[in-house]
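*Asks:* Okay, here's the structure, questions in a sec.
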Amino acid sequence: MKSITYLSLAVAAALSVAACSAERSPSEQPGAGHTLVAGAEQRLDIYQPVRLDADLSHLSDNQRQMVATLIEASEIMDTLFWRQAYSGDREELLNGINDPQVRRFAEINYGPWDRLNNNLPFLAGYSEKPLGANYYPADMSREEFDAAQFDDKDSLYTLVRRNDQGELYALPYHEVYKDELQRAASLLNEAADLADYEPFADYLRARAEAFLSSDYQPSDMQWMDLEDNLVDVIIGPIEVYEDRLFGYKAGFESYVLIKDLEWSERLAVYAEHLPALQRGLPVPEQYKAEEPGSDAQLNAYDIVYYAGHSNAGSKTIAVNLPNDEEVQLAKGTRRSQLKNAMRAKFDEILLPIADELIVPEQRDNITFDAFFANTMFHEVAHGLGIKNTIDGRGTVRAALREYSSPLEEGKADILGLYMVTQLLEEGVISEGELEDYYVTFLAGIFRSVRFGASSAHGQANMVRFNYFADADAFTRNDDGQYSVNMDNMRAAMNDLSALILQLQGDGDYQGVGELFAEMGHVGETLQFDLDRLQQAQIPVDVHFEQGKSVLGLN
């Protein structure tokens with residue numbers, strides 16, 4: 001993407017301090033009470049602690065030092081995301097909480113709002129979380145933003161603030177967060193000096209430059225060309241989920257990764273089938289006219305550190321990047337499966353959910369191979385479909401605004417299952433039978449729908465659950481246990497795939513809004529069953545004990 005245009009130095013200098021501290025609502029002023037709201041104590045144990053370690057014995061001394069340096073850079077991303085998510089003072093908030101369990105809950109949520117409970121405040125004295133987090137003035141409406149004319153208003157890499165006259169303007173990240181990004185850039189350059197694979201060193205140096213210019217596209221292009229690096233890092237302002245007002249602003253995050261060569265080799269064959277899968281999508285030709293990039297990669301990793309957005313609330317177990325539509329069309333995307341994190345969620349959450357909500361005769365169909373494949377093809381499916389509206393009005397993301405992320409997650413889920421179905425029947429996938437993938441998929445809906453309506457993944461799961469229920473894709477017996485109806489689920493999968501792809505291609509903002517209004521909710525029966533999972537003390541997600549000391553890198 002092109003570099004951000006600077007405001008005049010005078011304006012930037014005058015307002016940078018205010019922009020860094022950001023506007024606070026009255027309930028976020030210093031001195032607000034740090035006690036739990038009624039009922040919040042029941043939420044404090046919804047995250048299962050898991051030690052995030054990995055075997056680093058096959059790494060060289062330089063590679064181990066590089067991992068430690070990348071973790072240090074990631075810690076800066078963590079600090080920056082706090083400032084994007086919460087307009088108050090982080091240390092003041094955390095130091096005002098005496099109970100260690102409550103403090104830990106605030107750290108997991110990056111603020112006083114429960115991310116897996118529709119972003120409701122769990123601390124007294126705090127009002128509803130702003131839809132725009134700390135990217136925009138707290139008192140700014142969508143209508144005011146739409147009517148205002150100023151440079152870079154919808155850039156991924158700017159904050160929106162007010163000047164002394166109350167007018168909106170944009171500040172680029174590399175100015176607002178200058179000191180932190182300079183330090184992060186220095187660390188990436190140090191890591192580059194330790195790299196024995198020159199293309200990875202070049203990528204790290206390019207990413208360091210991007211921190212100082214907010215021009216991330218060149219480094220995205222270089223990252224797509226990497227193939228032989230054992231250590232990897234995904235770092236910078238990337239996902240837009242935190243911006244629930246428009247889905248425009250990117251949140252800082254990081255993943256430090258160690259490649260699993262054996263599993264990556266197993267996955268490489270699937271990328272070859274993307275063009276054929278695109279051509280076979282169950283929609284008219286104009287909704288599948290774009291060609292996915294030919295350089296798409298599928299790899300498996302052990303993750304050794306999460307930071308920022310990726311570490312907030314529910315933990316990511318697979319990623320499909322870059323998000324830049326131009327890079328995707330030119331190069332494809334890289335689908336990274338975080339195998340150790342995935343295994344933790346399967347063992348600690350999915351299997352206990354299946355024991356509670358899936359009929360006994362289908363529980364053997366819940367397998368890690370199916371969970372891994374469903375998750376992986378979710379990421380692969382992000383590369384299918386269409387990135388630009390068919391009438392030439394621009395990108396799907398811009399047309400659908402705040403609905404773009406949840407609908408895209410819904411597309412990826414349902415097309416991922418479509419891809420598994422096709423590849424299994426063609427013999428490309430050889431593990432298990434189709435019922436394994438469908439039953440595991442249903443159990444996965446119960447897992448993800450617990451993330452709540454504030455999560456893009458949670459919203460997508462609510463729509464899919466209700467759509468499947470209307471299509472009799474599953475039945476629920478008198479004991480509250482669910483079973484998959486294979487033929488009906490397949491038909492519903494195809495129909496929902498076509499609906500979502502056409503909504504995206506048409507850029508149908510109103511139609512998507514109606515879909516979420518009708519189906520993006522939890523009904524009484526589903527809520528009853530989700531309450532059963534809570535009563536059974538099944539965790540909603542995991543949080544990781546992580547860092548250099550966990551890895552023995554001190």
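Naming scheme: A, B, ... for chains in displayed order of the structure tokens; residues 1 onward per chain; ligands 1 onward as shown.
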Considering only C-alpha atoms, tabulate each residue of range 200-222 of chain A that lies at most 12 Å from range 230-233 of chain A along with its nearest interatomic pair and the corresponding distance in Å to one decimal; arrange the rows by chain and ascending residue number and present them as a Markdown table.
*Replies:*
| residue | atom | partner | partner_atom | distance |
| --- | --- | --- | --- | --- |
| A:Phe200 | CA | A:Asp232 | CA | 8.1 |
| A:Ala201 | CA | A:Asp232 | CA | 10.5 |
| A:Tyr203 | CA | A:Val233 | CA | 9.9 |
| A:Leu204 | CA | A:Val233 | CA | 8.7 |
| A:Arg207 | CA | A:Val233 | CA | 10.4 |
| A:Asp220 | CA | A:Val233 | CA | 11.9 |
*Asks:* Find the residues near His521 in chain A: any atom within 8 Å, counting only C-alpha atoms, skip ones fewer than 2 places away on the same chain, and give them as a PyMOL selection string.
*Replies:* chain A and resi 453+459+462-463+516-519+523
*Asks:* Just the residues within 8 Å of Ile235 in chain A, please, counting only C-alpha atoms, with nothing from its chain fewer than 2 positions along; format it as a PyMOL selection string.
*Replies:* chain A and resi 74+77+233+237-238+252-255
*Asks:* Could those selected residues go to a file with N, CA and C atoms, as an mmCIF file, in the first residue's frame?
*Replies:*
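Okay, this is what ended up in again_18.cif:
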data_model
loop_
_atom_site.group_PDB
_atom_site.id
_atom_site.type_symbol
_atom_site.label_atom_id
_atom_site.label_comp_id
_atom_site.auth_asym_id
_atom_site.auth_seq_id
_atom_site.Cartn_x
_atom_site.Cartn_y
_atom_site.Cartn_z
ATOM 1 N N SER A 74 8.096 -8.499 19.748
ATOM 2 C CA SER A 74 6.678 -8.809 19.906
ATOM 3 C C SER A 74 6.108 -8.152 21.157
ATOM 4 N N MET A 77 4.796 -4.891 20.298
ATOM 5 C CA MET A 77 3.481 -4.965 19.645
ATOM 6 C C MET A 77 2.381 -5.097 20.697
ATOM 7 N N VAL A 233 8.214 -15.007 11.661
ATOM 8 C CA VAL A 233 7.486 -14.061 12.506
ATOM 9 C C VAL A 233 6.466 -13.330 11.645
ATOM 10 N N PRO A 237 0.887 -4.146 12.353
ATOM 11 C CA PRO A 237 -0.562 -3.906 12.367
ATOM 12 C C PRO A 237 -1.205 -4.729 11.256
ATOM 13 N N ILE A 238 -2.062 -5.681 11.613
ATOM 14 C CA ILE A 238 -2.501 -6.665 10.623
ATOM 15 C C ILE A 238 -4.025 -6.770 10.563
ATOM 16 N N PHE A 252 -2.063 -3.924 16.143
ATOM 17 C CA PHE A 252 -0.714 -4.488 16.256
ATOM 18 C C PHE A 252 -0.774 -5.873 16.888
ATOM 19 N N GLU A 253 0.056 -6.771 16.361
ATOM 20 C CA GLU A 253 0.113 -8.133 16.891
ATOM 21 C C GLU A 253 1.389 -8.800 16.420
ATOM 22 N N SER A 254 1.623 -9.998 16.954
ATOM 23 C CA SER A 254 2.795 -10.756 16.522
ATOM 24 C C SER A 254 2.600 -12.234 16.831
ATOM 25 N N TYR A 255 3.185 -13.066 15.962
ATOM 26 C CA TYR A 255 3.313 -14.502 16.178
ATOM 27 C C TYR A 255 4.778 -14.860 15.913
#
*Asks:* Considering only C-alpha atoms, can you say which of A:Val304, A:Ala184, A:Leu357, A:Ala268 comes closest to Val550 in chain A?
*Replies:*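 Closest to Val550 in chain A of all the choices is A:Val304.
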*Asks:* Which residues are near Leu261 in chain A? Cut-off 12 Å, only C-alpha atoms, ignore same chain within fewer than 6 positions. Put them as a ChimeraX atom specification.
*Replies:* /A:58,227-231,267-268,298-302,339
*Asks:* Extract, using only C-alpha atoms, all DNA, RNA and protein residues at most 8 Å from Asn320 in chain A, discarding same-chain residues fewer than 3 positions from it, and format them as a list in words.
*Replies:* Asn323, Thr333, Arg334, Arg335, Ser336, Glu379, Val380 and His382 of chain A
*Asks:* Using DSSP assignments from the backbone, pull out every residue in range 333-544 of chain A that falls under helix (DSSP H, G or I) and give it to me as an MDAnalysis selection string.
*Replies:* chainID A and resid 339:357 360:365 368:381 396:425 434:449 456:470 486:506 509:519 524:535
*Asks:* Write down as JSON, numbers by chain the residues of range 241-478 of chain A whose backbone DSSP state falls under strand (DSSP E).
*Replies:* {"A": [252, 253, 254, 255, 256, 257, 258, 259, 297, 298, 299, 300, 301, 302, 303, 304, 305, 306, 307, 308, 318, 319, 320, 321, 334, 335, 336, 337, 338, 474, 475, 476]}
*Asks:* Could you write out that same residue set with N, CA and C atoms as an mmCIF file, in the first residue's frame?
*Replies:*
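And here is the file that came out, result-v5.cif:
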data_model
loop_
_atom_site.group_PDB
_atom_site.id
_atom_site.type_symbol
_atom_site.label_atom_id
_atom_site.label_comp_id
_atom_site.auth_asym_id
_atom_site.auth_seq_id
_atom_site.Cartn_x
_atom_site.Cartn_y
_atom_site.Cartn_z
ATOM 1 N N PHE A 252 -2.063 -3.924 16.143
ATOM 2 C CA PHE A 252 -0.714 -4.488 16.256
ATOM 3 C C PHE A 252 -0.774 -5.873 16.888
ATOM 4 N N GLU A 253 0.056 -6.771 16.361
ATOM 5 C CA GLU A 253 0.113 -8.133 16.891
ATOM 6 C C GLU A 253 1.389 -8.800 16.420
ATOM 7 N N SER A 254 1.623 -9.998 16.954
ATOM 8 C CA SER A 254 2.795 -10.756 16.522
ATOM 9 C C SER A 254 2.600 -12.234 16.831
ATOM 10 N N TYR A 255 3.185 -13.066 15.962
ATOM 11 C CA TYR A 255 3.313 -14.502 16.178
ATOM 12 C C TYR A 255 4.778 -14.860 15.913
ATOM 13 N N VAL A 256 5.426 -15.523 16.853
ATOM 14 C CA VAL A 256 6.772 -16.055 16.627
ATOM 15 C C VAL A 256 6.628 -17.562 16.435
ATOM 16 N N LEU A 257 7.148 -18.073 15.318
ATOM 17 C CA LEU A 257 6.807 -19.413 14.854
ATOM 18 C C LEU A 257 8.045 -20.255 14.553
ATOM 19 N N ILE A 258 7.925 -21.563 14.807
ATOM 20 C CA ILE A 258 8.939 -22.537 14.433
ATOM 21 C C ILE A 258 8.289 -23.529 13.480
ATOM 22 N N LYS A 259 8.825 -23.647 12.287
ATOM 23 C CA LYS A 259 8.206 -24.471 11.253
ATOM 24 C C LYS A 259 8.330 -25.952 11.563
ATOM 25 N N GLN A 297 0.916 -20.830 -0.030
ATOM 26 C CA GLN A 297 1.633 -21.847 0.733
ATOM 27 C C GLN A 297 0.780 -22.333 1.891
ATOM 28 N N LEU A 298 0.946 -23.603 2.227
ATOM 29 C CA LEU A 298 0.351 -24.187 3.426
ATOM 30 C C LEU A 298 1.482 -24.727 4.285
ATOM 31 N N ASN A 299 1.559 -24.255 5.513
ATOM 32 C CA ASN A 299 2.631 -24.703 6.403
ATOM 33 C C ASN A 299 2.086 -24.923 7.808
ATOM 34 N N ALA A 300 2.750 -25.792 8.548
ATOM 35 C CA ALA A 300 2.413 -26.051 9.946
ATOM 36 C C ALA A 300 3.556 -25.551 10.827
ATOM 37 N N TYR A 301 3.194 -24.974 11.960
ATOM 38 C CA TYR A 301 4.176 -24.397 12.869
ATOM 39 C C TYR A 301 3.841 -24.759 14.311
ATOM 40 N N ASP A 302 4.860 -24.712 15.145
ATOM 41 C CA ASP A 302 4.659 -24.565 16.576
ATOM 42 C C ASP A 302 4.821 -23.086 16.882
ATOM 43 N N ILE A 303 3.850 -22.509 17.549
ATOM 44 C CA ILE A 303 3.963 -21.103 17.931
ATOM 45 C C ILE A 303 4.605 -21.028 19.305
ATOM 46 N N VAL A 304 5.525 -20.075 19.464
ATOM 47 C CA VAL A 304 6.207 -19.931 20.747
ATOM 48 C C VAL A 304 5.907 -18.596 21.415
ATOM 49 N N TYR A 305 5.206 -17.677 20.724
ATOM 50 C CA TYR A 305 4.831 -16.423 21.372
ATOM 51 C C TYR A 305 3.702 -15.740 20.612
ATOM 52 N N TYR A 306 2.685 -15.315 21.365
ATOM 53 C CA TYR A 306 1.597 -14.478 20.862
ATOM 54 C C TYR A 306 1.747 -13.082 21.465
ATOM 55 N N ALA A 307 1.347 -12.056 20.712
ATOM 56 C CA ALA A 307 1.361 -10.706 21.262
ATOM 57 C C ALA A 307 0.277 -9.857 20.615
ATOM 58 N N GLY A 308 -0.243 -8.917 21.383
ATOM 59 C CA GLY A 308 -1.202 -7.956 20.863
ATOM 60 C C GLY A 308 -2.519 -8.593 20.484
ATOM 61 N N ALA A 318 -4.836 -20.545 13.556
ATOM 62 C CA ALA A 318 -4.411 -20.594 12.155
ATOM 63 C C ALA A 318 -4.590 -19.200 11.574
ATOM 64 N N VAL A 319 -3.721 -18.845 10.640
ATOM 65 C CA VAL A 319 -3.803 -17.520 10.037
ATOM 66 C C VAL A 319 -3.650 -17.627 8.531
ATOM 67 N N ASN A 320 -4.312 -16.716 7.839
ATOM 68 C CA ASN A 320 -4.231 -16.609 6.393
ATOM 69 C C ASN A 320 -3.879 -15.168 6.054
ATOM 70 N N LEU A 321 -2.659 -14.945 5.607
ATOM 71 C CA LEU A 321 -2.156 -13.594 5.392
ATOM 72 C C LEU A 321 -1.271 -13.570 4.146
ATOM 73 N N ARG A 334 -0.372 -16.993 2.500
ATOM 74 C CA ARG A 334 0.265 -18.080 3.245
ATOM 75 C C ARG A 334 -0.667 -18.501 4.367
ATOM 76 N N ARG A 335 -0.982 -19.781 4.403
ATOM 77 C CA ARG A 335 -1.862 -20.323 5.429
ATOM 78 C C ARG A 335 -1.004 -21.044 6.454
ATOM 79 N N SER A 336 -0.965 -20.503 7.649
ATOM 80 C CA SER A 336 -0.087 -21.010 8.697
ATOM 81 C C SER A 336 -0.924 -21.676 9.780
ATOM 82 N N GLN A 337 -0.708 -22.973 9.980
ATOM 83 C CA GLN A 337 -1.446 -23.733 10.980
ATOM 84 C C GLN A 337 -0.606 -23.828 12.256
ATOM 85 N N LEU A 338 -1.153 -23.394 13.377
ATOM 86 C CA LEU A 338 -0.416 -23.342 14.633
ATOM 87 C C LEU A 338 -0.722 -24.624 15.412
ATOM 88 N N PHE A 474 -28.845 -30.860 11.374
ATOM 89 C CA PHE A 474 -28.605 -31.671 12.568
ATOM 90 C C PHE A 474 -29.904 -31.793 13.337
ATOM 91 N N THR A 475 -29.962 -32.759 14.229
ATOM 92 C CA THR A 475 -31.108 -32.930 15.120
ATOM 93 C C THR A 475 -30.614 -32.934 16.559
ATOM 94 N N ARG A 476 -31.497 -32.579 17.464
ATOM 95 C CA ARG A 476 -31.192 -32.545 18.899
ATOM 96 C C ARG A 476 -32.161 -33.479 19.598
#
*Asks:* Between range 389-453 of chain A and range 479-497 of chain A, at 8 Å or less, what are the per-residue closest atom pairs and their distances in Å? Count only C-alpha atoms, order by chain and rising residue number, and return it as a tab-separated table.
*Replies:*
residue	atom	partner	partner_atom	distance
A:Lys411	CA	A:Ser497	CA	6.6
A:Ile414	CA	A:Ser497	CA	6.1
A:Leu415	CA	A:Ser497	CA	6.2
A:Leu417	CA	A:Met493	CA	7.6
A:Tyr418	CA	A:Met493	CA	6.9
A:Glu435	CA	A:Met486	CA	7.2
A:Tyr438	CA	A:Val484	CA	7.2
A:Val439	CA	A:Val484	CA	6.1
A:Leu442	CA	A:Val484	CA	7.6
*Asks:* Write the selection just made, keeping C-alpha atoms, as a tab-separated table (two decimals), in the first residue's frame?
*Replies:*
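Result written to result.tsv:
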chain	number	residue	atom	x	y	z
A	411	LYS	CA	-17.32	-17.65	4.16
A	414	ILE	CA	-18.36	-22.87	5.13
A	415	LEU	CA	-16.06	-22.96	2.08
A	417	LEU	CA	-15.97	-27.56	4.72
A	418	TYR	CA	-16.88	-27.46	1.02
A	435	GLU	CA	-18.67	-37.95	8.72
A	438	TYR	CA	-18.93	-32.91	9.46
A	439	VAL	CA	-19.37	-34.00	13.08
A	442	LEU	CA	-20.59	-29.17	14.28
*Asks:* Show which residues sit within 10 Å of Pro539 in chain A, as an NGL selection string. Count only C-alpha atoms, and ignore same-chain residues fewer than 2 positions away.
*Replies:* :A and (43 or 45-49 or 345 or 348-350 or 352-353 or 447 or 450 or 533-534 or 536-537 or 541-542)
*Asks:* Write out, as a tab-separated table (two decimals), in the first residue's frame, the residues just selected, with C-alpha atoms.
*Replies:*
chain	number	residue	atom	x	y	z
A	43	ARG	CA	-16.31	-15.64	34.11
A	45	ASP	CA	-12.00	-19.17	34.99
A	46	ILE	CA	-13.18	-19.44	31.37
A	47	TYR	CA	-9.57	-19.58	30.11
A	48	GLN	CA	-7.60	-22.78	30.58
A	49	PRO	CA	-3.91	-22.06	31.29
A	345	LYS	CA	-7.82	-26.36	22.12
A	348	GLU	CA	-8.89	-29.00	26.56
A	349	ILE	CA	-12.10	-27.76	24.91
A	350	LEU	CA	-13.41	-29.59	21.84
A	352	PRO	CA	-15.12	-32.11	26.49
A	353	ILE	CA	-17.75	-30.23	24.44
A	447	ARG	CA	-16.74	-24.07	20.58
A	450	ARG	CA	-19.09	-19.17	22.83
A	533	LEU	CA	-21.03	-26.24	29.04
A	534	GLN	CA	-20.40	-23.55	31.61
A	536	ALA	CA	-19.72	-28.52	33.32
A	537	GLN	CA	-16.78	-26.10	33.78
A	541	ASP	CA	-10.64	-20.81	25.47
A	542	VAL	CA	-7.01	-21.06	26.55
*Asks:* Would you mind listing, for every residue of range 396-488 of chain A within 12 Å of range 272-294 of chain A, the two atoms forming the shortest contact and the distance between them in Å to one decimal, using only C-alpha atoms, sorted by chain and ascending residue number, as CSV?
*Replies:*
residue,atom,partner,partner_atom,distance
A:Val396,CA,A:Tyr287,CA,11.8
A:Lys411,CA,A:Leu281,CA,11.8
A:Ile414,CA,A:Leu281,CA,11.5
A:Leu415,CA,A:Leu281,CA,8.6
A:Gly416,CA,A:Leu277,CA,10.6
A:Tyr418,CA,A:Leu281,CA,8.7
A:Met419,CA,A:Leu277,CA,7.0
A:Val420,CA,A:Leu277,CA,10.4
A:Thr421,CA,A:Leu277,CA,10.9
A:Gln422,CA,A:Leu277,CA,8.1
A:Leu423,CA,A:His273,CA,8.7
A:Glu426,CA,A:His273,CA,10.9
A:Val428,CA,A:His273,CA,9.2
A:Ile429,CA,A:His273,CA,11.5
*Asks:* Write to file, as a PDB file, in the first residue's frame, the residues of the selection just made, with C-alpha atoms.
*Replies:*
ATOM      1  CA  VAL A 396     -15.621  -6.222  -0.664  1.00  0.00           C
ATOM      2  CA  LYS A 411     -17.318 -17.646   4.164  1.00  0.00           C
ATOM      3  CA  ILE A 414     -18.363 -22.874   5.133  1.00  0.00           C
ATOM      4  CA  LEU A 415     -16.061 -22.958   2.084  1.00  0.00           C
ATOM      5  CA  GLY A 416     -13.466 -24.769   4.170  1.00  0.00           C
ATOM      6  CA  TYR A 418     -16.879 -27.456   1.021  1.00  0.00           C
ATOM      7  CA  MET A 419     -13.200 -27.897   0.117  1.00  0.00           C
ATOM      8  CA  VAL A 420     -12.755 -30.807   2.532  1.00  0.00           C
ATOM      9  CA  THR A 421     -15.781 -32.495   0.960  1.00  0.00           C
ATOM     10  CA  GLN A 422     -14.432 -32.110  -2.570  1.00  0.00           C
ATOM     11  CA  LEU A 423     -10.869 -33.183  -1.776  1.00  0.00           C
ATOM     12  CA  GLU A 426     -11.322 -36.916  -5.012  1.00  0.00           C
ATOM     13  CA  VAL A 428      -6.617 -35.949  -2.216  1.00  0.00           C
ATOM     14  CA  ILE A 429      -7.405 -36.186   1.505  1.00  0.00           C
TER      15      ILE A 429
END
*Asks:* Listing only residues of range 131-201 of chain A within 12 Å of range 402-405 of chain A, what is the closest atom pair and its distance in Å (to one decimal) for each, using only C-alpha atoms, sorted by chain and residue number ascending, as JSON lines?
*Replies:*
{"residue": "A:Leu131", "atom": "CA", "partner": "A:Glu402", "partner_atom": "CA", "distance": 9.8}
{"residue": "A:Gly132", "atom": "CA", "partner": "A:Glu402", "partner_atom": "CA", "distance": 10.2}
{"residue": "A:Arg142", "atom": "CA", "partner": "A:Glu402", "partner_atom": "CA", "distance": 10.7}
*Asks:* Residues near Ser155 in chain A, anyone? I mean within 9 Å using only C-alpha atoms, not counting same-chain ones fewer than 5 positions away, as a list in words.
*Replies:*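 Residues near the query, excluding close chain neighbours: Ile4, Ala170, Pro172, Tyr248, Lys249 and Ala250 of chain A.
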*Asks:* Which is closest to Tyr135 in chain A among A:Ser87, A:Asn477, A:Thr525, A:Thr367, if we use only C-alpha atoms?
*Replies:* A:Ser87
*Asks:* For each of A:Gln101, A:Asn62, A:Ser186, A:Gln84, take the minimum atom-to-atom distance to Glu41 in chain A, counting only C-alpha atoms, then give the residue where this is smallest.
*Replies:*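 Nearest candidate to Glu41 in chain A out of A:Gln101, A:Asn62, A:Ser186, A:Gln84: A:Gln101.
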*Asks:* What gap, in Å, lies between CA of Asn109 in chain A and CA of Ala185 in chain A?
*Replies:* 26.5 Å
